[in-house]
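What follows is one structure encoded as structure tokens, with my remarks underneath.
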Amino acid sequence: MMTEGKPDLLTQRIKQAAEVIAVSSPVIALTGAGISVESGIPDFRGKNGLWSKYDPARYATIDAFLSDPVEVWNMLREMDELVLAAKPNPAHTALGILEKKGFLQHIITQNIDNLHQAGGSLNVIEYHGNCSTLSCLSCNRRYSMEEKRHEYLPTCECGRILKPDIVFFGEGIPEEVLNLSFDIARKARVLLIIGTSAQVSPANTIPVVASKNNARVIEINKEKTWLTEQLTDIFLEGGAGDIVSGLLKEIIKTGA
Ligand SMILES: [Zn+2]
């Protein structure tokens with residue numbers, strides 16, 4: 001009986017968050033691994049994540065890729081299998097609908113899985129790139145993963161092993177991506193934080209920048225994070241799929 005009051009509080013908070021979103025613009029979202037877990041991609045850092053099997057120091061740094069791309073492709077093939085099998089979940093599709101209806105202007109994501117785009121979102125800024133394309137570090141030719149997937153070691157026509165367009169550890173985030181995301185964060189009136197504890201730089205600075213510039217911060221996470229006490233205005237505790245689709249329903253009611 002202890003938890004009986006909890007769903008009511010959550011429902012109340014979802015209504016409250018929906019009211020804020022419906023009357024504010026621009027609204028932006030910062031997303032992380034937690035939004036893709038329900039799509040079948042375990043958090044890389046979590047218990048069943050890719051990094052429990054592949055030491056990121058040996059498989060996910062740019063130095064590792066440059067010195068032994070053949071070894072690193074063992075990890076990349078597994079990453080590709082995970083992403084290929086994943087479908088957008090109700091959180092991704094609800095965000096896509098919110099954007100189409102004009103209630104959400106931008107998504108900044110730390111994920112590389114392309115699921116926001118698959119869920120219908122157009123304005124997606126990808127901090128860590130996207131594994132659906134590959135580039136040659138020698139001649140800069142680009143390929144889609146789809147056309148190269150049948151190759152055990154996807155190789156450029158110039159002969160070099162290709163690298164997915166994801167940001168490896170030790171690589172910088174492209175400057176235009178950084179500038180654009182800070183600009184968006186400064187202007188945001190509402191920041192939705194979904195499925196991320198925002199601990200990794202530079203994603204951890206986005207909530208600070210938005211909040212300093214008076215954005216309301218709505219956090220959707222399964223557990224409290226450092227943000228919850230320090231920056232969050234409305235904390236919606238739970239899985240992204242349920243909560244974001246609940247928000248969508250309320251926003252449509254409120255906005256109509
Ligand atoms: Zn090449």
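The way I read the labels, and the way they are meant: chains A, B, ... in the order of the structure tokens, residue 1 as the first residue of every chain, and ligand 1 as the first ligand shown, with later ones counted on from there.
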
Task: Nearby polymer residues, ligand 1, at most 9 Å, only C-alpha atoms and all ligand atoms, as a ChimeraX atom specification - done: /A:135-142,155-162

How would the residues just picked look written out with N, CA, C and O atoms as a compact mmCIF listing (two decimals), in the first residue's frame?
```
# COMPACT_ATOMS: atom_id res chain seq x y z
N SER A 135 33.11 6.19 -42.96
CA SER A 135 34.00 7.08 -43.70
C SER A 135 35.39 6.47 -43.81
O SER A 135 35.82 5.71 -42.95
N CYS A 136 36.10 6.88 -44.89
CA CYS A 136 37.49 6.48 -45.08
C CYS A 136 38.39 7.57 -44.52
O CYS A 136 38.23 8.74 -44.87
N LEU A 137 39.30 7.18 -43.66
CA LEU A 137 40.20 8.16 -43.04
C LEU A 137 41.32 8.57 -44.00
O LEU A 137 42.06 9.51 -43.72
N SER A 138 41.46 7.88 -45.14
CA SER A 138 42.49 8.27 -46.12
C SER A 138 41.92 9.20 -47.17
O SER A 138 42.47 10.26 -47.42
N CYS A 139 40.83 8.81 -47.82
CA CYS A 139 40.35 9.59 -48.97
C CYS A 139 39.00 10.26 -48.72
O CYS A 139 38.47 10.91 -49.60
N ASN A 140 38.47 10.11 -47.50
CA ASN A 140 37.22 10.76 -47.10
C ASN A 140 35.96 10.28 -47.82
O ASN A 140 34.90 10.89 -47.67
N ARG A 141 36.04 9.22 -48.61
CA ARG A 141 34.82 8.68 -49.21
C ARG A 141 33.88 8.21 -48.11
O ARG A 141 34.33 7.73 -47.07
N ARG A 142 32.56 8.36 -48.36
CA ARG A 142 31.58 7.91 -47.37
C ARG A 142 30.70 6.83 -47.98
O ARG A 142 30.42 6.83 -49.18
N THR A 155 35.54 -2.07 -46.29
CA THR A 155 36.77 -1.48 -46.82
C THR A 155 36.45 -0.50 -47.93
O THR A 155 35.56 -0.74 -48.75
N CYS A 156 37.19 0.58 -47.96
CA CYS A 156 37.04 1.62 -48.98
C CYS A 156 37.56 1.11 -50.32
O CYS A 156 38.43 0.23 -50.35
N GLU A 157 37.10 1.72 -51.39
CA GLU A 157 37.64 1.30 -52.68
C GLU A 157 39.12 1.64 -52.82
O GLU A 157 39.82 1.08 -53.66
N CYS A 158 39.63 2.54 -51.96
CA CYS A 158 41.07 2.84 -51.96
C CYS A 158 41.85 1.79 -51.17
O CYS A 158 43.08 1.81 -51.15
N GLY A 159 41.15 0.89 -50.48
CA GLY A 159 41.83 -0.20 -49.80
C GLY A 159 41.87 -0.09 -48.28
O GLY A 159 42.23 -1.04 -47.59
N ARG A 160 41.50 1.05 -47.73
CA ARG A 160 41.59 1.23 -46.28
C ARG A 160 40.31 0.74 -45.59
O ARG A 160 39.21 0.89 -46.11
N ILE A 161 40.49 0.17 -44.40
CA ILE A 161 39.33 -0.27 -43.61
C ILE A 161 38.55 0.97 -43.15
O ILE A 161 39.14 1.94 -42.68
N LEU A 162 37.23 0.93 -43.32
CA LEU A 162 36.39 2.10 -43.03
C LEU A 162 36.10 2.25 -41.54
O LEU A 162 36.09 1.27 -40.79
```

Open item on the list: Please compute the CA of Ile35 in chain A-CA of Ile62 in chain A distance, one decimal, in Å.
Closed with: 25.9 Å

Task: Shortest interatomic distance to Lys53 in chain A - which of A:Phe169, A:Thr11, A:Asn221, A:Asn74, counting only C-alpha atoms - done: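 Looking at the shortest contact to Lys53 in chain A, the residue is A:Asn74.
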
Open item on the list: One number please: CA of Asn123 in chain A to CA of Ile184 in chain A, in Å, one decimal.
Closed with: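 Between these atoms lies a distance of 11.4 Å.
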
Open item on the list: What's around Ala188 in chain A at 9 Å? Count only C-alpha atoms, leave out sequence neighbours fewer than 2 positions away in its own chain, and write the answer as an NGL selection string.
Closed with: :A and (24-28 or 183-186 or 190-191 or 210-211 or 213-216)

TODO: Determine which residues of range 87-206 of chain A receive a DSSP assignment of alpha helix (DSSP H), computed from the backbone, and state them as JSON, numbers by chain.
DONE: {"A": [90, 91, 92, 93, 94, 95, 96, 97, 98, 99, 100, 115, 116, 117, 118, 145, 146, 147, 148, 175, 176, 177, 178, 179, 180, 181, 182, 183, 184, 185, 186, 187, 205, 206]}

TODO: Could you pull out the residues in range 22-124 of chain A that DSSP calls strand (DSSP E or B) from the backbone, as a PyMOL selection string?
DONE: chain A and resi 27-31+61+106-109+124

Selection to disk with C-alpha atoms, as a PDB file, in the first residue's frame:
```pdb
ATOM      1  CA  VAL A  27      11.385  23.190 -26.285  1.00  0.00           C
ATOM      2  CA  ILE A  28      14.424  20.938 -26.638  1.00  0.00           C
ATOM      3  CA  ALA A  29      15.322  17.440 -25.486  1.00  0.00           C
ATOM      4  CA  LEU A  30      18.608  15.942 -24.368  1.00  0.00           C
ATOM      5  CA  THR A  31      18.557  12.157 -24.670  1.00  0.00           C
ATOM      6  CA  THR A  61      39.340   4.755 -28.538  1.00  0.00           C
ATOM      7  CA  HIS A 106      15.344  20.103 -31.311  1.00  0.00           C
ATOM      8  CA  ILE A 107      16.751  16.882 -29.948  1.00  0.00           C
ATOM      9  CA  ILE A 108      20.344  16.657 -28.794  1.00  0.00           C
ATOM     10  CA  THR A 109      21.264  12.999 -28.419  1.00  0.00           C
ATOM     11  CA  VAL A 124      18.430  15.773 -34.344  1.00  0.00           C
TER      12      VAL A 124
END
```

- [ ] For range 46-52 of chain A, work out the shell of residues within 12 Å, counting only C-alpha atoms and skipping chain neighbours fewer than 4 positions away, then give it as a PyMOL selection string.
- [x] chain A and resi 33-34+37+40-42+56-60+74-83

- [ ] Mind giving me the straight-line distance from CA of Leu9 in chain A to CA of Ile218 in chain A in Å, one decimal?
- [x]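 Computing the Euclidean distance for CA of Leu9 in chain A and CA of Ile218 in chain A yields 14.9 Å.
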